[in-house]
>>> print(open('my_file36.txt').read())   # compact mmCIF, C-alpha atoms
# COMPACT_ATOMS: atom_id res chain seq x y z
CA MET A 1 -147.90 60.94 80.03
CA LEU A 2 -144.56 61.14 78.22
CA THR A 3 -143.23 58.10 76.49
CA ASP A 4 -139.56 57.20 76.31
CA SER A 5 -139.43 58.45 72.73
CA ASN A 6 -140.93 61.81 73.77
CA MET A 7 -138.41 62.11 76.57
CA GLU A 8 -135.56 61.48 74.15
CA ILE A 9 -136.84 64.19 71.83
CA MET A 10 -137.05 66.71 74.67
CA MET A 11 -133.52 66.03 75.87
CA PRO A 12 -131.11 68.83 74.97
CA GLU A 13 -128.35 68.17 72.51
CA GLU A 14 -125.03 67.16 73.95
CA GLN A 15 -122.70 70.12 74.17
CA PRO A 16 -118.95 69.89 73.70
CA THR A 17 -117.08 69.60 76.99
CA TRP A 18 -114.69 72.23 78.25
CA ASN A 19 -111.79 69.81 77.86
CA ASN A 20 -112.62 69.19 74.19
CA VAL A 21 -112.82 72.91 73.47
CA LEU A 22 -109.53 73.51 75.30
CA MET A 23 -107.71 70.72 73.46
CA LYS A 24 -109.00 71.95 70.11
CA SER A 25 -107.85 75.48 70.92
CA ILE A 26 -104.40 74.26 71.96
CA SER A 27 -104.08 72.13 68.81
CA GLU A 28 -104.97 75.06 66.55
CA THR A 29 -102.57 77.35 68.42
CA MET A 30 -99.71 74.87 68.05
CA PHE A 31 -100.49 74.45 64.35
CA TYR A 32 -100.46 78.21 63.75
CA ASN A 33 -97.21 78.62 65.69
CA VAL A 34 -95.49 75.94 63.58
CA MET A 35 -96.73 77.49 60.33
CA PHE A 36 -95.67 80.96 61.47
CA LEU A 37 -92.13 79.77 62.30
CA TYR A 38 -91.94 77.91 58.99
CA HIS A 39 -92.62 81.04 56.92
CA ILE A 40 -90.27 83.11 59.10
CA TYR A 41 -87.54 80.55 58.43
CA VAL A 42 -88.17 80.70 54.66
CA LEU A 43 -87.81 84.48 54.59
CA ILE A 44 -84.72 84.55 56.82
CA TYR A 45 -83.03 81.82 54.77
CA ARG A 46 -83.89 83.65 51.56
CA PHE A 47 -82.44 86.88 52.93
CA LEU A 48 -79.20 85.23 54.11
CA PHE A 49 -78.77 83.06 51.01
CA PRO A 50 -80.13 84.78 47.89
CA MET A 51 -80.80 82.42 44.99
CA THR A 52 -79.05 84.71 42.52
CA ILE A 53 -76.61 87.60 42.65
CA ASP A 54 -78.20 89.42 39.72
CA SER A 55 -81.68 89.37 41.23
CA MET A 56 -80.46 91.35 44.23
CA GLU A 57 -79.23 94.12 41.92
CA GLN A 58 -82.52 94.56 40.04
CA PHE A 59 -85.41 96.63 41.32
CA GLY A 60 -87.02 95.01 44.37
CA GLY A 61 -84.48 92.21 44.47
CA GLU A 62 -86.06 88.84 45.13
CA TRP A 63 -89.05 90.40 46.87
CA VAL A 64 -90.82 91.01 43.59
CA TYR A 65 -91.60 87.30 43.26
CA LEU A 66 -95.05 86.02 44.16
CA THR A 67 -93.51 83.24 46.25
CA HIS A 68 -92.11 85.77 48.68
CA TRP A 69 -95.28 87.84 48.63
CA ASN A 70 -97.05 84.66 49.64
CA SER A 71 -94.68 84.04 52.57
CA VAL A 72 -95.17 87.60 53.85
CA LEU A 73 -98.97 87.35 53.53
CA GLN A 74 -98.96 84.00 55.33
CA ILE A 75 -96.98 85.55 58.20
CA VAL A 76 -99.43 88.45 58.40
CA TYR A 77 -102.29 85.94 58.47
CA TYR A 78 -100.79 83.97 61.36
CA ILE A 79 -100.24 87.22 63.26
CA MET A 80 -103.93 87.93 62.67
CA ASN A 81 -104.75 84.65 64.39
CA LYS A 82 -102.80 85.78 67.44
CA LEU A 83 -104.61 89.10 67.30
CA ALA A 84 -107.98 87.33 67.06
CA VAL A 85 -107.35 85.62 70.40
CA PHE A 86 -106.39 88.93 71.99
CA LEU A 87 -109.46 90.73 70.65
CA ARG A 88 -111.77 87.99 71.91
CA GLU A 89 -110.38 88.59 75.39
CA CYS A 90 -110.84 92.35 74.97
CA ASN A 91 -114.42 92.23 73.68
CA HIS A 92 -114.88 95.93 74.24
CA LEU A 93 -113.01 96.42 70.96
CA LYS A 94 -115.70 96.48 68.30
CA VAL A 95 -113.88 94.41 65.71
CA ASN A 96 -114.91 90.93 64.71
CA SER A 97 -111.41 89.65 64.02
CA ASN A 98 -112.63 86.11 63.39
CA GLN A 99 -114.57 87.23 60.33
CA LEU A 100 -111.60 89.17 58.97
CA ARG A 101 -109.32 86.20 59.62
CA ASP A 102 -111.66 83.70 57.97
CA THR A 103 -112.17 85.93 54.95
CA THR A 104 -108.41 86.35 54.59
CA PHE A 105 -107.90 82.59 54.65
CA ALA A 106 -110.76 81.90 52.25
CA CYS A 107 -109.92 84.49 49.60
CA ILE A 108 -106.15 84.95 49.90
CA VAL A 109 -104.26 82.42 52.02
CA PHE A 110 -105.78 79.19 50.67
CA PRO A 111 -106.00 80.02 46.95
CA LEU A 112 -102.65 81.83 46.89
CA GLY A 113 -100.75 79.03 48.65
CA ASN A 114 -102.07 76.46 46.22
CA PHE A 115 -101.67 78.75 43.23
CA VAL A 116 -97.96 79.25 43.95
CA ALA A 117 -97.40 75.48 44.07
CA ILE A 118 -99.47 74.63 40.99
CA MET A 119 -98.26 77.44 38.74
CA PHE A 120 -94.57 77.20 39.65
CA TRP A 121 -94.21 73.43 39.28
CA THR A 122 -96.32 73.35 36.11
CA LEU A 123 -94.15 75.94 34.36
CA PHE A 124 -90.94 74.60 35.89
CA HIS A 125 -91.56 71.11 34.52
CA ILE A 126 -92.52 72.46 31.09
CA ASN A 127 -89.41 74.61 30.92
CA PRO A 128 -87.49 76.10 33.90
CA SER A 129 -86.64 79.17 31.82
CA LEU A 130 -90.33 80.17 31.91
CA VAL A 131 -90.01 81.10 35.59
CA ILE A 132 -86.25 81.54 35.95
CA ASP A 133 -84.26 83.85 33.70
CA PRO A 134 -81.68 81.59 31.97
CA SER A 135 -79.24 84.49 31.66
CA ILE A 136 -78.60 84.67 35.40
CA ALA A 137 -76.77 82.25 37.66
CA TYR A 138 -79.48 80.44 39.59
CA HIS A 139 -78.49 78.62 42.78
CA GLU A 140 -81.25 76.89 44.72
CA SER A 141 -81.20 73.64 46.67
CA ALA A 142 -83.96 71.16 45.87
CA TRP A 143 -85.13 70.92 49.49
CA PHE A 144 -85.57 74.68 49.82
CA ASN A 145 -87.31 74.87 46.48
CA HIS A 146 -89.89 72.43 47.84
CA MET A 147 -90.15 74.41 51.08
CA LYS A 148 -91.10 77.50 49.07
CA HIS A 149 -93.29 75.93 46.40
CA SER A 150 -94.60 72.60 47.72
CA PHE A 151 -94.91 72.67 51.49
CA VAL A 152 -96.89 75.91 51.38
CA SER A 153 -99.72 74.06 49.64
CA ILE A 154 -99.63 71.29 52.24
CA CYS A 155 -99.90 73.93 54.98
CA VAL A 156 -103.06 75.60 53.69
CA ILE A 157 -104.74 72.29 52.78
CA SER A 158 -103.99 70.98 56.28
CA GLU A 159 -105.56 74.06 57.82
CA LEU A 160 -108.66 73.62 55.68
CA PHE A 161 -109.10 70.17 57.24
CA ILE A 162 -108.12 71.11 60.79
CA VAL A 163 -109.72 74.52 61.32
CA LYS A 164 -113.35 75.46 60.76
CA HIS A 165 -113.69 78.66 58.74
CA LYS A 166 -116.71 80.79 57.85
CA TYR A 167 -116.48 81.72 54.20
CA PRO A 168 -117.85 85.09 53.06
CA ASN A 169 -120.98 85.39 50.97
CA GLU A 170 -120.58 84.54 47.30
CA GLN A 171 -120.47 88.11 46.04
CA SER A 172 -117.82 89.29 48.51
CA GLY A 173 -115.75 86.13 48.11
CA LEU A 174 -115.69 86.26 44.32
CA TYR A 175 -114.89 89.97 44.34
CA ILE A 176 -111.86 89.54 46.62
CA SER A 177 -110.64 86.43 44.79
CA LEU A 178 -110.84 88.34 41.49
CA ILE A 179 -109.07 91.43 42.78
CA SER A 180 -106.19 89.55 44.47
CA PRO A 181 -104.48 88.13 41.33
CA VAL A 182 -105.24 91.32 39.38
CA ILE A 183 -103.25 93.33 41.95
CA TYR A 184 -100.13 91.22 41.46
CA LEU A 185 -100.51 91.11 37.68
CA SER A 186 -100.77 94.91 37.67
CA PHE A 187 -97.54 94.99 39.67
CA VAL A 188 -95.85 92.70 37.12
CA PHE A 189 -96.83 94.98 34.23
CA LEU A 190 -95.90 98.10 36.21
CA ILE A 191 -92.40 96.74 36.86
CA HIS A 192 -91.97 95.97 33.16
CA SER A 193 -93.14 99.39 32.01
CA SER A 194 -91.06 101.32 34.56
CA HIS A 195 -87.91 99.17 34.87
CA GLY A 196 -87.83 97.24 31.60
CA PHE A 197 -87.82 93.64 32.77
CA TRP A 198 -90.38 90.91 33.31
CA ILE A 199 -90.43 89.35 36.77
CA TYR A 200 -91.16 86.00 35.13
CA PRO A 201 -89.65 85.30 31.67
CA ILE A 202 -92.83 83.62 30.40
CA PHE A 203 -94.44 87.04 30.00
CA GLY A 204 -91.67 88.12 27.64
CA ASN A 205 -91.95 84.92 25.60
CA LEU A 206 -95.61 85.53 24.79
CA THR A 207 -97.21 87.82 22.27
CA VAL A 208 -99.59 90.49 23.55
CA SER A 209 -102.70 88.41 22.81
CA PHE A 210 -101.31 85.27 24.42
CA ARG A 211 -100.03 87.32 27.33
CA LEU A 212 -103.57 88.55 28.00
CA LEU A 213 -104.85 84.99 27.62
CA PHE A 214 -102.26 83.79 30.13
CA CYS A 215 -103.36 86.49 32.59
CA SER A 216 -106.96 85.32 32.16
CA VAL A 217 -105.88 81.75 32.93
CA ILE A 218 -104.12 82.98 36.08
CA VAL A 219 -107.23 84.79 37.34
CA PHE A 220 -109.47 81.83 36.43
CA LEU A 221 -107.22 79.34 38.26
CA TYR A 222 -107.08 81.55 41.34
CA VAL A 223 -110.88 81.91 41.49
CA LEU A 224 -111.26 78.18 40.88
CA LEU A 225 -109.00 77.44 43.86
CA TYR A 226 -111.12 79.78 45.99
CA LEU A 227 -114.31 77.97 44.95
CA PHE A 228 -112.67 74.59 45.57
CA GLY A 229 -111.70 75.64 49.10
CA ARG A 230 -115.21 76.91 49.70
CA TRP A 231 -116.72 73.59 48.58
CA VAL A 232 -114.31 71.47 50.65
CA ASN A 233 -114.86 73.62 53.74
CA TYR A 234 -118.63 73.14 53.44
CA LYS A 235 -118.28 69.38 52.93
CA LEU A 236 -115.95 69.01 55.92
CA HIS A 237 -117.45 71.44 58.40
CA GLY A 238 -120.89 72.31 57.03
CA MET A 239 -120.11 76.00 57.39
CA LYS A 240 -122.41 77.96 55.12
CA PRO A 241 -121.30 81.51 54.26
CA SER A 242 -122.65 83.97 56.79
CA ILE A 243 -120.44 87.05 56.56
CA LYS A 244 -122.36 90.18 55.62
CA HIS A 245 -119.76 92.67 56.79
CA PHE A 246 -116.03 92.35 57.26
CA VAL A 247 -115.92 94.39 60.47
CA GLU A 248 -118.82 94.42 62.92
CA TYR A 249 -119.44 94.16 66.62
CA GLN A 250 -119.98 90.72 68.09
CA LEU A 251 -119.82 89.66 71.71
>>> encode(input="my_file36.txt", output="structure tokens")
Amino acid sequence: MLTDSNMEIMMPEEQPTWNNVLMKSISETMFYNVMFLYHIYVLIYRFLFPMTIDSMEQFGGEWVYLTHWNSVLQIVYYIMNKLAVFLRECNHLKVNSNQLRDTTFACIVFPLGNFVAIMFWTLFHINPSLVIDPSIAYHESAWFNHMKHSFVSICVISELFIVKHKYPNEQSGLYISLISPVIYLSFVFLIHSSHGFWIYPIFGNLTVSFRLLFCSVIVFLYVLLYLFGRWVNYKLHGMKPSIKHFVEYQL
């Protein structure tokens, strides 16, 4: 004979209702659409109203700056979210787009968005000439400066709280988070060696040894932001890393 306690144990766990799942999906879609339009606006505004005349004449124009790389990568990420929905509906395509999307957010979108805000405002408050060449005429409104370097951090932190992500395993995550800043730093040094100017003046103000130390700090901060996002995601959503492959078949 079953007691009441036994009956309670045997009862299946309550499953989320269809309405709850639908509302959550709509909320996430609206959030991604707003973020996508925000970054599109930043790039269009930057193209129509360049912050300097001189920067448009140098190699790469204003698109050599990490801030604009970040905006482009964020746009690509939000397009990936649209693609993820499409691929789920076409499950005959053997690509697990959710894993690729989550890995991109974990290792690139979240740490990069926060890195741009932290590094820019830290150097800017120490001395604006560390990030802006004092020899050129710099014209930038305060509100747009915050749109590029402050709001981007709010966006990725908000997503961390709103959307549940599956972080990659520790080895894959650390590898990607190490490679990402190294790629841009290599680009910075390549531009200097081939075109004779530093994208950010701080590199020219440092000796070789301190320049290497500064690069190490950049990589360390980026990896630290990745680990922080991983820890917060686990605390909020309890999502342990479960990605063994970036692309695999999943129904």
>>> residues_around(input="my_file36.txt", residues="stretch 116-123 of chain A", least_positions_apart="4", cutoff="8 Å", atoms="all atoms listed in the file", output="PDB file with C-alpha atoms, in the frame of the given file")
ATOM      1  CA  LEU A  66     -95.050  86.020  44.160  1.00  0.00           C
ATOM      2  CA  THR A  67     -93.510  83.240  46.250  1.00  0.00           C
ATOM      3  CA  ASN A  70     -97.050  84.660  49.640  1.00  0.00           C
ATOM      4  CA  LEU A 112    -102.650  81.830  46.890  1.00  0.00           C
ATOM      5  CA  ASN A 127     -89.410  74.610  30.920  1.00  0.00           C
ATOM      6  CA  PRO A 128     -87.490  76.100  33.900  1.00  0.00           C
ATOM      7  CA  LEU A 130     -90.330  80.170  31.910  1.00  0.00           C
ATOM      8  CA  VAL A 131     -90.010  81.100  35.590  1.00  0.00           C
ATOM      9  CA  HIS A 149     -93.290  75.930  46.400  1.00  0.00           C
ATOM     10  CA  SER A 150     -94.600  72.600  47.720  1.00  0.00           C
ATOM     11  CA  VAL A 152     -96.890  75.910  51.380  1.00  0.00           C
ATOM     12  CA  SER A 153     -99.720  74.060  49.640  1.00  0.00           C
TER      13      SER A 153
END
>>> residues_near_point(input="my_file36.txt", point="(-99.6, 87.7, 56.0)", cutoff="12 Å", atoms="only C-alpha atoms", output="ChimeraX atom specification")
/A:35-36,39-40,68-81,101,104-105,108-110,112-113
>>> write_last_selection(input="my_file36.txt", atoms="C-alpha atoms", output="tab-separated table (two decimals), in the coordinates of the input")
chain	number	residue	atom	x	y	z
A	35	MET	CA	-96.73	77.49	60.33
A	36	PHE	CA	-95.67	80.96	61.47
A	39	HIS	CA	-92.62	81.04	56.92
A	40	ILE	CA	-90.27	83.11	59.10
A	68	HIS	CA	-92.11	85.77	48.68
A	69	TRP	CA	-95.28	87.84	48.63
A	70	ASN	CA	-97.05	84.66	49.64
A	71	SER	CA	-94.68	84.04	52.57
A	72	VAL	CA	-95.17	87.60	53.85
A	73	LEU	CA	-98.97	87.35	53.53
A	74	GLN	CA	-98.96	84.00	55.33
A	75	ILE	CA	-96.98	85.55	58.20
A	76	VAL	CA	-99.43	88.45	58.40
A	77	TYR	CA	-102.29	85.94	58.47
A	78	TYR	CA	-100.79	83.97	61.36
A	79	ILE	CA	-100.24	87.22	63.26
A	80	MET	CA	-103.93	87.93	62.67
A	81	ASN	CA	-104.75	84.65	64.39
A	101	ARG	CA	-109.32	86.20	59.62
A	104	THR	CA	-108.41	86.35	54.59
A	105	PHE	CA	-107.90	82.59	54.65
A	108	ILE	CA	-106.15	84.95	49.90
A	109	VAL	CA	-104.26	82.42	52.02
A	110	PHE	CA	-105.78	79.19	50.67
A	112	LEU	CA	-102.65	81.83	46.89
A	113	GLY	CA	-100.75	79.03	48.65
>>> atom_distance(input="my_file36.txt", atom1="atom CA of A:Leu48", atom2="atom CA of A:Glu62")
11.9 Å
>>> closest_residue(input="my_file36.txt", among="A:Ser186, A:Leu160, A:Pro111, A:Ile176", to="A:Trp198", atoms="only C-alpha atoms")
A:Ser186
>>> atom_distance(input="my_file36.txt", atom1="atom CA of A:Lys148", atom2="atom CA of A:Met30")
21.0 Å
>>> atom_distance(input="my_file36.txt", atom1="atom CA of A:Leu227", atom2="atom CA of A:Val182")
17.1 Å
>>> closest_residue(input="my_file36.txt", among="A:Tyr38, A:Tyr175, A:Tyr45, A:Trp63", to="A:Tyr222", atoms="only C-alpha atoms")
A:Tyr175
>>> closest_residue(input="my_file36.txt", among="A:Pro181, A:Pro50, A:Gly238, A:Gly173", to="A:Phe115", atoms="only C-alpha atoms")
A:Pro181
>>> residues_near_point(input="my_file36.txt", point="(-88.5, 84.5, 30.7)", cutoff="9 Å", atoms="only C-alpha atoms", output="compact mmCIF listing (two decimals) with C-alpha atoms, keeping the file's coordinate frame")
# COMPACT_ATOMS: atom_id res chain seq x y z
CA SER A 129 -86.64 79.17 31.82
CA LEU A 130 -90.33 80.17 31.91
CA VAL A 131 -90.01 81.10 35.59
CA ILE A 132 -86.25 81.54 35.95
CA ASP A 133 -84.26 83.85 33.70
CA PRO A 134 -81.68 81.59 31.97
CA TRP A 198 -90.38 90.91 33.31
CA ILE A 199 -90.43 89.35 36.77
CA TYR A 200 -91.16 86.00 35.13
CA PRO A 201 -89.65 85.30 31.67
CA ILE A 202 -92.83 83.62 30.40
CA PHE A 203 -94.44 87.04 30.00
CA GLY A 204 -91.67 88.12 27.64
CA ASN A 205 -91.95 84.92 25.60
>>> decode(input="my_file36.txt", residues="stretch 156-185 of chain A", atoms="N, CA and C atoms", output="mmCIF file, in the first residue's frame")
data_model
loop_
_atom_site.group_PDB
_atom_site.id
_atom_site.type_symbol
_atom_site.label_atom_id
_atom_site.label_comp_id
_atom_site.auth_asym_id
_atom_site.auth_seq_id
_atom_site.Cartn_x
_atom_site.Cartn_y
_atom_site.Cartn_z
ATOM 1 N N VAL A 156 25.881 42.671 -23.006
ATOM 2 C CA VAL A 156 26.333 41.291 -22.827
ATOM 3 C C VAL A 156 26.061 40.798 -21.406
ATOM 4 N N ILE A 157 26.145 41.693 -20.414
ATOM 5 C CA ILE A 157 25.824 41.294 -19.045
ATOM 6 C C ILE A 157 24.340 40.977 -18.931
ATOM 7 N N SER A 158 23.501 41.775 -19.595
ATOM 8 C CA SER A 158 22.055 41.514 -19.582
ATOM 9 C C SER A 158 21.748 40.162 -20.195
ATOM 10 N N GLU A 159 22.420 39.850 -21.301
ATOM 11 C CA GLU A 159 22.177 38.551 -21.931
ATOM 12 C C GLU A 159 22.593 37.405 -21.030
ATOM 13 N N LEU A 160 23.683 37.588 -20.301
ATOM 14 C CA LEU A 160 24.142 36.539 -19.391
ATOM 15 C C LEU A 160 23.066 36.213 -18.356
ATOM 16 N N PHE A 161 22.320 37.223 -17.921
ATOM 17 C CA PHE A 161 21.263 37.028 -16.937
ATOM 18 C C PHE A 161 19.978 36.503 -17.576
ATOM 19 N N ILE A 162 19.713 36.917 -18.809
ATOM 20 C CA ILE A 162 18.429 36.597 -19.435
ATOM 21 C C ILE A 162 18.444 35.237 -20.112
ATOM 22 N N VAL A 163 19.535 34.928 -20.814
ATOM 23 C CA VAL A 163 19.592 33.747 -21.670
ATOM 24 C C VAL A 163 20.491 32.681 -21.042
ATOM 25 N N LYS A 164 20.038 31.462 -21.108
ATOM 26 C CA LYS A 164 20.804 30.327 -20.584
ATOM 27 C C LYS A 164 21.751 29.819 -21.664
ATOM 28 N N HIS A 165 23.047 29.797 -21.346
ATOM 29 C CA HIS A 165 24.054 29.357 -22.308
ATOM 30 C C HIS A 165 24.800 28.135 -21.772
ATOM 31 N N LYS A 166 25.187 27.254 -22.693
ATOM 32 C CA LYS A 166 26.035 26.113 -22.348
ATOM 33 C C LYS A 166 27.477 26.461 -22.688
ATOM 34 N N TYR A 167 28.280 26.614 -21.670
ATOM 35 C CA TYR A 167 29.685 26.950 -21.885
ATOM 36 C C TYR A 167 30.459 25.720 -22.357
ATOM 37 N N PRO A 168 31.506 25.905 -23.150
ATOM 38 C CA PRO A 168 32.306 24.768 -23.604
ATOM 39 C C PRO A 168 33.112 24.175 -22.456
ATOM 40 N N ASN A 169 33.713 23.026 -22.705
ATOM 41 C CA ASN A 169 34.559 22.441 -21.669
ATOM 42 C C ASN A 169 35.744 23.363 -21.408
ATOM 43 N N GLU A 170 36.401 23.155 -20.280
ATOM 44 C CA GLU A 170 37.430 24.095 -19.829
ATOM 45 C C GLU A 170 38.569 24.243 -20.835
ATOM 46 N N GLN A 171 39.002 23.138 -21.404
ATOM 47 C CA GLN A 171 40.129 23.190 -22.331
ATOM 48 C C GLN A 171 39.785 23.995 -23.582
ATOM 49 N N SER A 172 38.631 23.716 -24.177
ATOM 50 C CA SER A 172 38.223 24.434 -25.389
ATOM 51 C C SER A 172 37.987 25.905 -25.092
ATOM 52 N N GLY A 173 37.311 26.188 -23.965
ATOM 53 C CA GLY A 173 37.010 27.566 -23.612
ATOM 54 C C GLY A 173 38.259 28.401 -23.384
ATOM 55 N N LEU A 174 39.210 27.853 -22.641
ATOM 56 C CA LEU A 174 40.448 28.581 -22.376
ATOM 57 C C LEU A 174 41.260 28.775 -23.657
ATOM 58 N N TYR A 175 41.255 27.784 -24.518
ATOM 59 C CA TYR A 175 42.005 27.886 -25.768
ATOM 60 C C TYR A 175 41.460 29.022 -26.635
ATOM 61 N N ILE A 176 40.145 29.079 -26.790
ATOM 62 C CA ILE A 176 39.534 30.125 -27.621
ATOM 63 C C ILE A 176 39.724 31.499 -26.992
ATOM 64 N N SER A 177 39.555 31.576 -25.669
ATOM 65 C CA SER A 177 39.694 32.868 -24.985
ATOM 66 C C SER A 177 41.149 33.352 -24.968
ATOM 67 N N LEU A 178 42.094 32.456 -25.127
ATOM 68 C CA LEU A 178 43.502 32.853 -25.255
ATOM 69 C C LEU A 178 43.822 33.318 -26.674
ATOM 70 N N ILE A 179 43.278 32.617 -27.649
ATOM 71 C CA ILE A 179 43.566 32.921 -29.045
ATOM 72 C C ILE A 179 42.935 34.250 -29.472
ATOM 73 N N SER A 180 41.738 34.549 -28.977
ATOM 74 C CA SER A 180 40.992 35.731 -29.436
ATOM 75 C C SER A 180 41.770 37.027 -29.263
ATOM 76 N N PRO A 181 42.271 37.366 -28.049
ATOM 77 C CA PRO A 181 43.033 38.616 -27.921
ATOM 78 C C PRO A 181 44.368 38.571 -28.654
ATOM 79 N N VAL A 182 44.968 37.381 -28.765
ATOM 80 C CA VAL A 182 46.246 37.261 -29.467
ATOM 81 C C VAL A 182 46.077 37.617 -30.948
ATOM 82 N N ILE A 183 44.932 37.261 -31.531
ATOM 83 C CA ILE A 183 44.676 37.581 -32.937
ATOM 84 C C ILE A 183 44.674 39.090 -33.152
ATOM 85 N N TYR A 184 43.969 39.827 -32.281
ATOM 86 C CA TYR A 184 43.926 41.281 -32.463
ATOM 87 C C TYR A 184 45.271 41.927 -32.161
ATOM 88 N N LEU A 185 45.956 41.443 -31.142
ATOM 89 C CA LEU A 185 47.283 41.992 -30.840
ATOM 90 C C LEU A 185 48.246 41.760 -31.998
#
